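Chemist: Next comes the structure file structure.cif, holding mmCIF, C-alpha atoms.
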data_run
loop_
_atom_site.label_atom_id
_atom_site.label_comp_id
_atom_site.auth_asym_id
_atom_site.auth_seq_id
_atom_site.Cartn_x
_atom_site.Cartn_y
_atom_site.Cartn_z
CA MET N 1 -35.29 -10.62 3.65
CA THR N 2 -34.23 -7.46 5.49
CA TYR N 3 -30.56 -6.90 6.34
CA ASP N 4 -29.01 -4.52 8.85
CA ILE N 5 -25.72 -3.90 7.07
CA PRO N 6 -23.87 -2.12 9.94
CA GLN N 7 -24.81 -4.98 12.27
CA LEU N 8 -23.73 -7.53 9.64
CA ILE N 9 -20.34 -5.81 9.34
CA ALA N 10 -19.87 -5.67 13.11
CA GLY N 11 -20.49 -9.40 13.33
CA ALA N 12 -18.19 -10.04 10.41
CA GLU N 13 -15.30 -8.22 12.07
CA LYS N 14 -15.53 -10.44 15.15
CA GLU N 15 -15.35 -13.55 12.99
CA LEU N 16 -12.57 -12.09 10.85
CA ARG N 17 -10.22 -11.10 13.67
CA PRO N 18 -7.96 -14.20 13.36
CA VAL N 19 -7.94 -13.73 9.57
CA PHE N 20 -6.92 -10.08 9.92
CA ASP N 21 -4.17 -11.09 12.36
CA SER N 22 -2.73 -13.47 9.77
CA PHE N 23 -2.58 -10.65 7.23
CA ASP N 24 -0.73 -8.47 9.74
CA GLU N 25 1.81 -11.22 10.38
CA ILE N 26 2.71 -11.25 6.67
CA SER N 27 2.85 -7.46 6.61
CA ASN N 28 5.21 -7.44 9.59
CA ALA N 29 7.57 -9.91 7.95
CA ARG N 30 7.57 -8.21 4.56
CA THR N 31 8.04 -4.75 6.11
CA GLY N 32 11.14 -6.14 7.81
CA GLN N 33 12.44 -7.28 4.42
CA VAL N 34 11.90 -3.82 2.96
CA LEU N 35 13.68 -2.10 5.85
CA ASP N 36 16.54 -4.59 5.71
CA ALA N 37 17.02 -3.73 2.02
CA PHE N 38 16.84 0.02 2.64
CA ARG N 39 19.52 -0.34 5.32
CA GLU N 40 21.69 -2.69 3.24
CA PHE N 41 21.77 -0.29 0.30
CA ARG N 42 22.23 2.77 2.53
CA VAL N 43 19.23 4.78 1.39
CA ASP N 44 19.64 8.48 2.06
CA ASP N 45 18.15 11.79 1.00
CA THR N 46 20.47 12.21 -1.97
CA MET N 47 18.68 9.34 -3.70
CA PHE N 48 15.44 11.31 -3.91
CA GLY N 49 16.87 13.93 -6.26
CA SER N 50 16.00 14.36 -9.92
CA THR N 51 17.94 13.67 -13.10
CA SER N 52 17.13 14.80 -16.63
CA GLY N 53 18.16 14.06 -20.19
CA TYR N 54 19.87 10.70 -20.56
CA GLY N 55 19.80 10.08 -16.81
CA TYR N 56 23.34 8.74 -16.54
CA ASP N 57 24.62 7.97 -13.04
CA ASP N 58 21.23 8.29 -11.36
CA LYS N 59 22.17 6.98 -7.92
CA GLY N 60 18.62 6.88 -6.62
CA ARG N 61 17.30 5.02 -9.67
CA ASP N 62 20.10 2.46 -9.68
CA THR N 63 19.82 1.81 -5.95
CA LEU N 64 16.07 1.37 -6.17
CA ASP N 65 16.62 -1.23 -8.90
CA ARG N 66 18.75 -3.25 -6.49
CA ILE N 67 16.27 -2.81 -3.65
CA PHE N 68 13.33 -4.03 -5.73
CA ALA N 69 15.30 -7.09 -6.80
CA ARG N 70 16.32 -7.86 -3.22
CA VAL N 71 12.86 -7.37 -1.70
CA LEU N 72 11.21 -9.46 -4.43
CA GLY N 73 13.77 -12.25 -4.08
CA ALA N 74 15.46 -11.84 -7.46
CA GLU N 75 19.06 -11.59 -8.63
CA SER N 76 18.55 -8.50 -10.78
CA GLY N 77 15.86 -6.06 -11.86
CA PHE N 78 14.77 -2.55 -12.64
CA VAL N 79 11.86 -0.25 -11.87
CA ARG N 80 10.86 2.77 -13.97
CA HIS N 81 8.18 5.43 -13.72
CA SER N 82 8.20 5.64 -17.53
CA ILE N 83 6.69 2.16 -18.03
CA ALA N 84 3.05 3.02 -18.67
CA ASN N 85 1.37 0.07 -16.93
CA GLY N 86 1.61 -3.63 -16.17
CA THR N 87 0.68 -4.61 -19.72
CA HIS N 88 3.50 -2.42 -21.05
CA ALA N 89 5.96 -4.12 -18.68
CA LEU N 90 4.75 -7.58 -19.73
CA THR N 91 5.08 -6.55 -23.37
CA ILE N 92 8.69 -5.50 -22.73
CA ALA N 93 9.34 -8.89 -21.12
CA LEU N 94 7.78 -10.88 -23.96
CA TRP N 95 9.50 -8.96 -26.75
CA ALA N 96 12.81 -9.19 -24.87
CA LEU N 97 12.84 -12.99 -24.92
CA LEU N 98 10.82 -14.12 -27.96
CA ARG N 99 12.06 -14.30 -31.55
CA PRO N 100 10.38 -15.35 -34.83
CA GLY N 101 9.67 -19.09 -34.78
CA ASP N 102 9.68 -19.32 -30.98
CA VAL N 103 6.74 -20.67 -28.98
CA MET N 104 5.14 -18.86 -26.06
CA LEU N 105 3.16 -21.32 -23.92
CA ALA N 106 0.77 -19.91 -21.30
CA ILE N 107 0.09 -22.67 -18.75
CA THR N 108 -2.49 -20.91 -16.58
CA GLY N 109 -5.05 -20.22 -19.29
CA ARG N 110 -5.16 -17.25 -21.62
CA PRO N 111 -3.50 -14.17 -20.18
CA TYR N 112 -5.34 -11.04 -19.06
CA ASP N 113 -7.54 -9.35 -21.67
CA THR N 114 -5.17 -6.45 -22.37
CA LEU N 115 -2.45 -8.85 -23.57
CA MET N 116 -4.65 -10.33 -26.29
CA GLY N 117 -3.71 -7.61 -28.76
CA VAL N 118 -0.04 -7.90 -27.81
CA ILE N 119 -0.10 -11.62 -28.56
CA GLY N 120 -2.35 -11.19 -31.62
CA LEU N 121 -5.47 -12.90 -30.29
CA SER N 122 -7.87 -9.99 -29.95
CA ASP N 123 -11.51 -10.86 -30.57
CA ARG N 124 -11.63 -7.64 -32.58
CA PRO N 125 -8.91 -8.35 -35.18
CA VAL N 126 -8.02 -6.08 -38.04
CA PRO N 127 -9.75 -7.25 -41.28
CA SER N 128 -7.48 -8.48 -44.04
CA GLU N 129 -7.28 -6.48 -47.27
CA ASP N 130 -9.40 -8.96 -49.22
CA GLY N 131 -11.89 -9.29 -46.39
CA ALA N 132 -11.71 -13.08 -46.53
CA HIS N 133 -10.27 -13.63 -43.08
CA PRO N 134 -9.14 -11.59 -40.08
CA ALA N 135 -5.52 -10.53 -40.10
CA THR N 136 -3.22 -10.68 -37.12
CA PRO N 137 -3.09 -7.22 -35.48
CA ASP N 138 -0.10 -5.24 -36.74
CA GLY N 139 2.83 -5.26 -34.33
CA SER N 140 1.67 -8.28 -32.34
CA LEU N 141 3.84 -11.27 -31.49
CA LEU N 142 1.96 -13.43 -33.99
CA ASP N 143 2.50 -10.75 -36.64
CA PHE N 144 6.26 -11.16 -36.10
CA GLY N 145 6.19 -14.93 -36.39
CA VAL N 146 6.00 -15.93 -32.72
CA PHE N 147 3.77 -18.93 -32.07
CA TYR N 148 1.35 -18.94 -29.14
CA ASP N 149 -0.40 -21.77 -27.31
CA ASP N 150 -2.02 -22.17 -23.93
CA VAL N 151 -3.26 -24.73 -21.44
CA PRO N 152 -6.59 -24.06 -19.68
CA PHE N 153 -6.18 -23.28 -16.01
CA GLY N 154 -6.05 -26.42 -13.89
CA GLU N 155 -5.26 -28.79 -16.75
CA ASP N 156 -1.99 -30.70 -16.98
CA TRP N 157 0.50 -28.47 -18.78
CA ARG N 158 3.37 -30.98 -18.86
CA PRO N 159 2.48 -32.71 -22.16
CA LYS N 160 2.63 -29.44 -24.13
CA VAL N 161 5.88 -28.40 -22.44
CA ARG N 162 7.41 -31.75 -23.42
CA ARG N 163 6.08 -31.55 -26.99
CA TYR N 164 7.36 -28.06 -27.72
CA GLN N 165 10.64 -28.80 -25.96
CA GLU N 166 11.17 -31.86 -28.16
CA GLU N 167 10.45 -29.70 -31.20
CA GLY N 168 13.12 -27.26 -30.01
CA ARG N 169 10.76 -24.27 -30.23
CA LEU N 170 9.71 -23.59 -26.64
CA LYS N 171 11.18 -20.24 -25.58
CA VAL N 172 8.80 -18.82 -22.95
CA VAL N 173 6.51 -20.48 -20.43
CA TYR N 174 4.04 -17.88 -19.17
CA ILE N 175 2.37 -17.98 -15.74
CA GLN N 176 -0.29 -15.53 -14.56
CA ARG N 177 -0.63 -15.37 -10.79
CA SER N 178 -3.99 -13.62 -10.47
CA ARG N 179 -7.23 -14.43 -12.20
CA GLY N 180 -7.57 -11.38 -14.44
CA TYR N 181 -11.14 -11.55 -15.71
CA ALA N 182 -11.25 -15.33 -15.35
CA ASP N 183 -13.28 -17.06 -12.66
CA ARG N 184 -10.45 -19.12 -11.21
CA PRO N 185 -8.29 -19.16 -8.06
CA THR N 186 -5.18 -17.06 -7.58
CA LEU N 187 -1.93 -18.99 -7.35
CA SER N 188 0.26 -18.65 -4.28
CA SER N 189 3.97 -17.96 -4.56
CA ASP N 190 4.66 -21.49 -3.29
CA GLU N 191 2.47 -23.01 -6.02
CA ILE N 192 4.14 -20.94 -8.74
CA ASN N 193 7.63 -21.72 -7.49
CA ALA N 194 6.83 -25.44 -7.46
CA MET N 195 5.69 -25.12 -11.09
CA ILE N 196 8.84 -23.20 -12.02
CA SER N 197 11.05 -25.80 -10.37
CA GLU N 198 9.40 -28.58 -12.36
CA ILE N 199 9.52 -26.58 -15.61
CA ARG N 200 13.25 -26.08 -15.19
CA THR N 201 13.81 -29.85 -14.95
CA MET N 202 11.97 -30.25 -18.27
CA THR N 203 13.18 -27.35 -20.40
CA GLY N 204 15.64 -24.52 -20.70
CA ALA N 205 12.88 -22.11 -21.66
CA TYR N 206 12.47 -18.80 -19.86
CA VAL N 207 9.64 -18.47 -17.34
CA ILE N 208 7.75 -15.16 -17.25
CA VAL N 209 5.42 -14.52 -14.31
CA ASP N 210 2.71 -11.87 -14.35
CA ASN N 211 2.83 -11.00 -10.65
CA CYS N 212 0.30 -8.15 -10.80
CA TYR N 213 -1.94 -7.85 -7.72
CA GLY N 214 0.09 -10.45 -5.82
CA GLU N 215 3.13 -8.64 -4.41
CA PHE N 216 3.42 -8.78 -0.60
CA ALA N 217 0.31 -10.96 -0.25
CA ASP N 218 2.53 -13.95 0.65
CA LEU N 219 5.75 -14.28 2.60
CA ASP N 220 7.79 -14.44 -0.61
CA GLU N 221 7.46 -13.95 -4.38
CA PRO N 222 7.66 -16.10 -7.52
CA LYS N 223 11.17 -16.80 -8.82
CA GLY N 224 10.76 -16.65 -12.60
CA ASP N 225 13.33 -15.51 -15.14
CA LEU N 226 11.23 -12.36 -15.46
CA VAL N 227 8.67 -11.40 -12.82
CA VAL N 228 6.59 -8.37 -13.70
CA GLY N 229 4.26 -6.00 -11.86
CA SER N 230 2.77 -2.51 -11.86
CA LEU N 231 3.55 0.27 -9.39
CA ILE N 232 -0.05 1.50 -9.33
CA LYS N 233 -0.92 -1.87 -7.88
CA ASN N 234 0.66 -3.41 -4.78
CA PRO N 235 4.34 -2.41 -4.84
CA GLY N 236 3.68 1.30 -5.32
CA GLY N 237 1.86 1.42 -1.98
CA GLY N 238 -0.62 4.01 -3.22
CA ILE N 239 2.21 6.56 -3.42
CA ALA N 240 3.91 5.87 -6.76
CA GLU N 241 1.88 7.55 -9.49
CA ALA N 242 3.10 5.54 -12.47
CA GLY N 243 5.51 2.83 -13.47
CA ALA N 244 6.29 -0.86 -13.26
CA TYR N 245 9.09 -3.24 -12.36
CA ILE N 246 10.77 -6.23 -13.97
CA VAL N 247 12.98 -8.49 -11.83
CA GLY N 248 14.50 -11.91 -12.42
CA THR N 249 17.65 -13.62 -13.62
CA PRO N 250 20.53 -11.41 -14.82
CA ARG N 251 20.53 -12.32 -18.53
CA ALA N 252 16.75 -12.10 -18.87
CA VAL N 253 16.69 -8.75 -17.07
CA GLU N 254 19.51 -7.48 -19.30
CA LEU N 255 17.51 -8.38 -22.41
CA ALA N 256 14.42 -6.69 -20.95
CA GLY N 257 16.48 -3.57 -20.31
CA TYR N 258 17.57 -3.57 -23.95
CA ARG N 259 13.95 -3.82 -25.07
CA MET N 260 12.90 -1.05 -22.69
CA THR N 261 15.46 1.43 -24.05
CA THR N 262 18.12 0.42 -26.60
CA VAL N 263 20.51 -2.47 -27.08
CA GLY N 264 23.74 -1.61 -25.31
CA ALA N 265 22.30 1.15 -23.12
CA GLY N 266 19.64 -0.87 -21.32
CA VAL N 267 18.99 0.25 -17.74
CA GLU N 268 21.93 2.69 -17.74
CA VAL N 269 19.75 5.43 -19.23
CA GLY N 270 16.39 6.92 -18.36
CA ALA N 271 16.02 10.09 -16.31
CA SER N 272 14.05 9.81 -13.06
CA LEU N 273 12.59 13.34 -13.44
CA GLY N 274 11.87 13.62 -9.73
CA ASN N 275 9.96 10.35 -9.38
CA ASN N 276 12.40 8.44 -7.19
CA LYS N 277 11.07 9.60 -3.84
CA ASN N 278 7.50 8.46 -4.46
CA MET N 279 8.70 5.04 -5.63
CA TYR N 280 10.89 4.59 -2.54
CA LYS N 281 8.09 5.76 -0.26
CA GLY N 282 5.54 3.58 -2.03
CA LEU N 283 7.67 0.46 -1.59
CA PHE N 284 8.06 1.32 2.10
CA PHE N 285 4.28 1.47 2.54
CA ALA N 286 3.47 -1.47 0.28
CA PRO N 287 3.34 -4.41 2.74
CA HIS N 288 1.04 -2.49 5.09
CA ILE N 289 -1.22 -1.24 2.31
CA VAL N 290 -1.56 -4.74 0.86
CA ALA N 291 -2.68 -5.99 4.28
CA GLN N 292 -5.33 -3.24 4.38
CA ALA N 293 -6.56 -4.26 0.93
CA LYS N 294 -6.74 -7.92 1.96
CA LYS N 295 -8.79 -7.00 5.02
CA THR N 296 -11.20 -5.04 2.86
CA ALA N 297 -11.51 -7.98 0.47
CA ALA N 298 -12.15 -10.47 3.27
CA LEU N 299 -14.86 -8.23 4.72
CA ALA N 300 -16.53 -7.95 1.32
CA ALA N 301 -16.42 -11.74 0.96
CA TYR N 302 -18.11 -12.21 4.33
CA VAL N 303 -20.82 -9.60 3.75
CA PHE N 304 -21.74 -10.58 0.21
CA GLU N 305 -21.70 -14.28 1.01
CA ALA N 306 -24.24 -13.45 3.70
CA LEU N 307 -26.26 -11.60 1.05
CA GLY N 308 -26.40 -14.77 -1.04
CA CYS N 309 -23.60 -14.22 -3.57
CA ASP N 310 -20.92 -16.69 -4.61
CA VAL N 311 -17.58 -15.17 -3.67
CA SER N 312 -13.97 -16.12 -4.34
CA PRO N 313 -11.94 -16.46 -2.28
CA GLY N 314 -14.20 -17.12 0.68
CA TRP N 315 -13.59 -15.12 3.81
CA ARG N 316 -11.92 -18.09 5.53
CA ASP N 317 -9.69 -18.91 2.55
CA GLY N 318 -6.06 -18.01 2.04
CA ARG N 319 -5.43 -14.85 0.02
CA HIS N 320 -2.58 -14.63 -2.43
CA ASP N 321 -3.51 -11.33 -4.07
CA ILE N 322 -5.76 -8.34 -3.41
CA ILE N 323 -8.61 -9.33 -5.74
CA GLN N 324 -12.05 -10.33 -4.51
CA THR N 325 -14.63 -11.63 -6.94
CA LEU N 326 -18.36 -11.54 -6.36
CA ARG N 327 -20.58 -13.45 -8.76
CA LEU N 328 -23.57 -11.11 -8.94
CA GLY N 329 -25.57 -12.84 -11.66
CA SER N 330 -27.12 -9.90 -13.48
CA PRO N 331 -26.06 -6.62 -15.13
CA GLU N 332 -28.28 -4.68 -12.69
CA ARG N 333 -26.53 -6.15 -9.65
CA LEU N 334 -23.09 -5.57 -11.14
CA CYS N 335 -23.88 -1.94 -11.89
CA ALA N 336 -25.38 -1.47 -8.41
CA PHE N 337 -22.28 -2.84 -6.72
CA CYS N 338 -20.02 -0.55 -8.72
CA ARG N 339 -22.25 2.45 -7.93
CA GLY N 340 -21.82 1.76 -4.22
CA ILE N 341 -18.04 1.56 -4.49
CA GLN N 342 -17.93 4.77 -6.54
CA TYR N 343 -20.14 6.59 -4.03
CA ALA N 344 -17.68 5.73 -1.26
CA SER N 345 -14.63 6.93 -3.21
CA PRO N 346 -12.64 9.99 -2.07
CA VAL N 347 -12.43 11.26 -5.68
CA ASP N 348 -15.34 11.49 -8.15
CA SER N 349 -17.84 10.18 -5.62
CA TYR N 350 -20.61 12.04 -7.48
CA VAL N 351 -19.98 10.11 -10.72
CA THR N 352 -22.26 7.23 -11.74
CA PRO N 353 -20.25 4.46 -13.43
CA GLU N 354 -21.66 3.10 -16.68
CA PRO N 355 -20.50 0.25 -18.96
CA TRP N 356 -18.29 1.42 -21.83
CA ASP N 357 -15.92 0.18 -24.54
CA MET N 358 -12.68 0.42 -22.60
CA PRO N 359 -9.49 0.27 -24.74
CA GLY N 360 -7.83 -3.14 -24.63
CA TYR N 361 -10.96 -5.10 -23.68
CA ASP N 362 -13.28 -7.14 -25.87
CA ASP N 363 -16.48 -6.60 -23.82
CA LYS N 364 -17.99 -3.47 -22.39
CA VAL N 365 -16.58 -2.89 -18.92
CA ILE N 366 -18.06 -1.08 -15.93
CA MET N 367 -15.54 0.40 -13.57
CA ALA N 368 -15.80 2.18 -10.24
CA ALA N 369 -12.54 3.99 -9.61
CA GLY N 370 -12.46 7.15 -7.55
CA ALA N 371 -8.71 7.18 -7.13
CA PHE N 372 -6.08 9.84 -6.49
CA THR N 373 -4.01 8.21 -9.26
CA GLN N 374 -5.82 7.32 -12.47
CA GLY N 375 -6.18 3.57 -12.88
CA SER N 376 -4.62 2.77 -9.50
CA SER N 377 -5.74 -0.73 -8.51
CA ILE N 378 -4.26 -0.56 -5.01
CA GLU N 379 -6.74 2.22 -4.28
CA LEU N 380 -10.18 0.71 -3.85
CA SER N 381 -11.85 0.00 -7.16
CA ALA N 382 -14.31 -2.44 -8.68
CA ASP N 383 -14.89 -3.43 -12.25
CA GLY N 384 -16.19 -6.20 -14.40
CA PRO N 385 -16.93 -7.13 -18.00
CA MET N 386 -20.58 -6.95 -19.01
CA ARG N 387 -20.88 -10.65 -19.73
CA GLU N 388 -22.32 -13.60 -17.86
CA PRO N 389 -22.11 -14.47 -15.00
CA TYR N 390 -21.60 -10.74 -14.26
CA ILE N 391 -18.71 -10.97 -11.85
CA ALA N 392 -17.47 -7.93 -9.96
CA PHE N 393 -13.71 -7.81 -9.48
CA MET N 394 -12.95 -5.70 -6.43
CA GLN N 395 -9.43 -4.80 -5.42
CA GLY N 396 -7.47 -2.45 -3.23
CA GLY N 397 -8.14 -0.21 -0.28
CA LEU N 398 -5.49 2.18 1.04
CA THR N 399 -7.02 2.02 4.51
CA TYR N 400 -9.27 -0.61 6.02
CA GLU N 401 -11.52 2.13 7.38
CA SER N 402 -12.27 3.50 3.91
CA GLY N 403 -12.62 -0.02 2.55
CA ARG N 404 -15.07 -0.89 5.30
CA TYR N 405 -17.17 2.15 4.44
CA ALA N 406 -17.15 1.23 0.75
CA VAL N 407 -18.27 -2.35 1.44
CA ARG N 408 -21.17 -0.97 3.45
CA MET N 409 -22.21 1.41 0.65
CA ALA N 410 -21.93 -1.32 -1.98
CA ALA N 411 -24.02 -3.71 0.11
CA GLU N 412 -26.73 -1.12 0.67
CA GLU N 413 -26.83 -0.26 -3.04
CA PHE N 414 -26.99 -3.97 -3.86
CA ILE N 415 -30.00 -4.41 -1.57
CA ARG N 416 -31.76 -1.41 -3.11
CA SER N 417 -31.30 -2.91 -6.57
CA GLU N 418 -33.02 -6.07 -5.38
CA LYS N 419 -36.06 -4.10 -4.24
CA ASN N 420 -36.43 -2.19 -7.51
#
Taking this structure as input, can you express it in the form of structure tokens?
Modeler:
Amino acid sequence: MTYDIPQLIAGAEKELRPVFDSFDEISNARTGQVLDAFREFRVDDTMFGSTSGYGYDDKGRDTLDRIFARVLGAESGFVRHSIANGTHALTIALWALLRPGDVMLAITGRPYDTLMGVIGLSDRPVPSEDGAHPATPDGSLLDFGVFYDDVPFGEDWRPKVRRYQEEGRLKVVYIQRSRGYADRPTLSSDEINAMISEIRTMTGAYVIVDNCYGEFADLDEPKGDLVVGSLIKNPGGGIAEAGAYIVGTPRAVELAGYRMTTVGAGVEVGASLGNNKNMYKGLFFAPHIVAQAKKTAALAAYVFEALGCDVSPGWRDGRHDIIQTLRLGSPERLCAFCRGIQYASPVDSYVTPEPWDMPGYDDKVIMAAGAFTQGSSIELSADGPMREPYIAFMQGGLTYESGRYAVRMAAEEFIRSEKN
């Protein structure tokens, strides 16, 4: 079958207009929340200055902490450029709350691939000295005597919560909002908050939420004891060049601050080194940029569904993060899709992505990422593990116009791969 991709996109945009309008409504509301917080905390130019050394009395840093907590609906929190990525922030959260003998229970399936080593579940474990069995990776939670269990996504998690609560060992219930590299739906903030409310009637355990990719996609955010995300995803708005945030309840945030720096000092130290302005500006842009990314994702869903692919979510479905999955069915199709996205990138458009052994992952991964900031998921990128059913995970798009162009290039490359 022959496809006219520009004509297909033009037709898609007519059908998608009400969907796009719904994204803009959320962006309008969330932008209002951001501006209300900026006004409440009296943001001014003096907060964009730099501190060095210990970073004591960094007015801009401390105010931004309060703003992030307010905008994300939490009592307390902090945001730092020095947190390397979302996995680092999640590691801080886990180590802050878990002690030897405690149980960490993930109730939305196994967490994202890069946390496997942190927990001690990597499929590439370190061999034991006698070679008889694999040893737990050094420095992992399991290595320090923390117990881990999980409930497959969609299954009833209540029996395990009750069991570990009765044993007196349940310390952390872990919820992952987005799918990671799993082929499952993203949870909305309302769904997560309903889960948290029920968990709190059953146990006094802490609830940690991996909120990566989901910020500003809904009208509000999850209300866990620690809610964690990366600044080179949604809340950095394509402006922040590094960092992550942790928000939540005061005691949990205090413990996370101690783990981030030192016990006693916590969030009182840590020089901003000139990074405050980009983090403020990124948060300001974030609701709008997330809406652009959601529009790009919805367009990709429409176009590739028309090309015969299984997509999730569908173009008519609600969107609670910026990720779009396309089940492509073969390594050739997955590579072709990523080539099209890379070709349409503003940076490194001449590069041909190839599968490789990416640190932190247990399968070869192909990644298209021509971003201004290395690893930035809010800028348009696409990646996927080289394993069946060869799903492309597409996310981001700083502008709908550039996202639209990339969807066109990816579709045309996909069609060419079918002819070869």
Chemist: Centre and edge lengths, as AutoDock Vina command-line options, for the axis-aligned box enclosing every listed atom of range 5-20 of chain N with 8 Å of padding on each of the six sides, in Å to one decimal?
Modeler:
--center_x -16.3 --center_y -8.2 --center_z 11.1 --size_x 34.8 --size_y 28.1 --size_z 24.1
Chemist: If the PyMOL selection byres ((chain N and resi 244-256) around 6) is run on the structure shown, which residues does it catch, given as a ChimeraX atom specification?
Modeler: /N:69,74-80,83,93,96,225-231,243,257-259
Chemist: I'd like the contact shell of range 269-285 of chain N - 8 Å cut-off, all atoms listed in the file, skipping same-chain residues fewer than 5 positions apart - returned as a list in words.
Modeler: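 The contact residues come out as Thr31, Val34, Leu35, Met47, Phe48, Gly49, Ser50, Thr51, Ser52, Gly53, Tyr54, Gly55, Tyr56, Asp58, Gly60, Arg61, Leu64, Arg80, His81, Leu231, Pro235, Gly236, Gly237, Gly238, Ile239, Ala240, Glu241 and Thr261 of chain N.
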Chemist: Would you list the contacts of Gly117 in chain N as a list in words, taking every protein, DNA or RNA residue within 7 Å and counting all atoms listed in the file, but skipping same-chain residues closer than 5 positions in sequence?
Modeler: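 My reading of the contact set: Ser122, Pro137 and Ser140 of chain N.
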Chemist: Just to confirm, what's the straight-line distance from CA of Glu379 in chain N to CA of Leu187 in chain N in Å (one decimal)?
Modeler: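 So the two atoms, CA of Glu379 in chain N and CA of Leu187 in chain N, lie 22.0 Å apart.
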Chemist: So, counting only C-alpha atoms, which residue among N:Glu418, N:Gly403, N:Gly384, N:Ile341 is closest to Gly308 in chain N?
Modeler: N:Glu418
Chemist: Please measure the separation of CA of Ile175 in chain N and CA of Val207 in chain N, giving the value in Å to one decimal.
Modeler: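 The value is 7.5 Å.
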Chemist: Assuming the chain letters and numbering stay as they are in my file, what does the PyMOL selection byres ((chain N and resi 196-205) around 12) actually select? List them as a PyMOL selection string.
Modeler: chain N and resi 97-98+102-105+107+157-175+189-195+206-209+222-227+252
Chemist: Could you add whatever atoms are missing so that range 318-333 of chain N carries N, CA and C atoms, then write the result as a PDB file, keeping the file's coordinate frame?
Modeler:
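Final output, part_11.pdb:
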ATOM      1  N   GLY N 318      -7.311 -18.735   2.187  1.00  0.00           N
ATOM      2  CA  GLY N 318      -6.060 -18.010   2.040  1.00  0.00           C
ATOM      3  C   GLY N 318      -6.152 -17.002   0.905  1.00  0.00           C
ATOM      4  N   ARG N 319      -5.414 -15.910   1.033  1.00  0.00           N
ATOM      5  CA  ARG N 319      -5.430 -14.850   0.020  1.00  0.00           C
ATOM      6  C   ARG N 319      -4.027 -14.629  -0.495  1.00  0.00           C
ATOM      7  N   HIS N 320      -3.885 -14.753  -1.809  1.00  0.00           N
ATOM      8  CA  HIS N 320      -2.580 -14.630  -2.430  1.00  0.00           C
ATOM      9  C   HIS N 320      -2.502 -13.447  -3.372  1.00  0.00           C
ATOM     10  N   ASP N 321      -3.536 -12.610  -3.370  1.00  0.00           N
ATOM     11  CA  ASP N 321      -3.510 -11.330  -4.070  1.00  0.00           C
ATOM     12  C   ASP N 321      -4.576 -10.448  -3.424  1.00  0.00           C
ATOM     13  N   ILE N 322      -4.820  -9.286  -4.016  1.00  0.00           N
ATOM     14  CA  ILE N 322      -5.760  -8.340  -3.410  1.00  0.00           C
ATOM     15  C   ILE N 322      -7.136  -8.391  -4.054  1.00  0.00           C
ATOM     16  N   ILE N 323      -7.360  -9.315  -4.984  1.00  0.00           N
ATOM     17  CA  ILE N 323      -8.610  -9.330  -5.740  1.00  0.00           C
ATOM     18  C   ILE N 323      -9.672 -10.164  -5.045  1.00  0.00           C
ATOM     19  N   GLN N 324     -10.866  -9.622  -5.001  1.00  0.00           N
ATOM     20  CA  GLN N 324     -12.050 -10.330  -4.510  1.00  0.00           C
ATOM     21  C   GLN N 324     -13.082 -10.367  -5.622  1.00  0.00           C
ATOM     22  N   THR N 325     -13.574 -11.550  -5.940  1.00  0.00           N
ATOM     23  CA  THR N 325     -14.630 -11.630  -6.940  1.00  0.00           C
ATOM     24  C   THR N 325     -15.960 -11.940  -6.276  1.00  0.00           C
ATOM     25  N   LEU N 326     -17.004 -11.338  -6.839  1.00  0.00           N
ATOM     26  CA  LEU N 326     -18.360 -11.540  -6.360  1.00  0.00           C
ATOM     27  C   LEU N 326     -19.234 -11.844  -7.578  1.00  0.00           C
ATOM     28  N   ARG N 327     -19.743 -13.050  -7.633  1.00  0.00           N
ATOM     29  CA  ARG N 327     -20.580 -13.450  -8.760  1.00  0.00           C
ATOM     30  C   ARG N 327     -21.983 -12.908  -8.493  1.00  0.00           C
ATOM     31  N   LEU N 328     -22.344 -11.851  -9.232  1.00  0.00           N
ATOM     32  CA  LEU N 328     -23.570 -11.110  -8.940  1.00  0.00           C
ATOM     33  C   LEU N 328     -24.757 -11.556  -9.784  1.00  0.00           C
ATOM     34  N   GLY N 329     -24.510 -12.152 -10.939  1.00  0.00           N
ATOM     35  CA  GLY N 329     -25.570 -12.840 -11.660  1.00  0.00           C
ATOM     36  C   GLY N 329     -26.427 -12.029 -12.595  1.00  0.00           C
ATOM     37  N   SER N 330     -26.313 -10.709 -12.565  1.00  0.00           N
ATOM     38  CA  SER N 330     -27.120  -9.900 -13.480  1.00  0.00           C
ATOM     39  C   SER N 330     -26.418  -8.570 -13.714  1.00  0.00           C
ATOM     40  N   PRO N 331     -26.682  -7.932 -14.869  1.00  0.00           N
ATOM     41  CA  PRO N 331     -26.060  -6.620 -15.130  1.00  0.00           C
ATOM     42  C   PRO N 331     -26.508  -5.576 -14.122  1.00  0.00           C
ATOM     43  N   GLU N 332     -27.763  -5.670 -13.654  1.00  0.00           N
ATOM     44  CA  GLU N 332     -28.280  -4.680 -12.690  1.00  0.00           C
ATOM     45  C   GLU N 332     -27.512  -4.764 -11.373  1.00  0.00           C
ATOM     46  N   ARG N 333     -27.269  -5.984 -10.908  1.00  0.00           N
ATOM     47  CA  ARG N 333     -26.530  -6.150  -9.650  1.00  0.00           C
ATOM     48  C   ARG N 333     -25.088  -5.682  -9.788  1.00  0.00           C
TER      49      ARG N 333
END
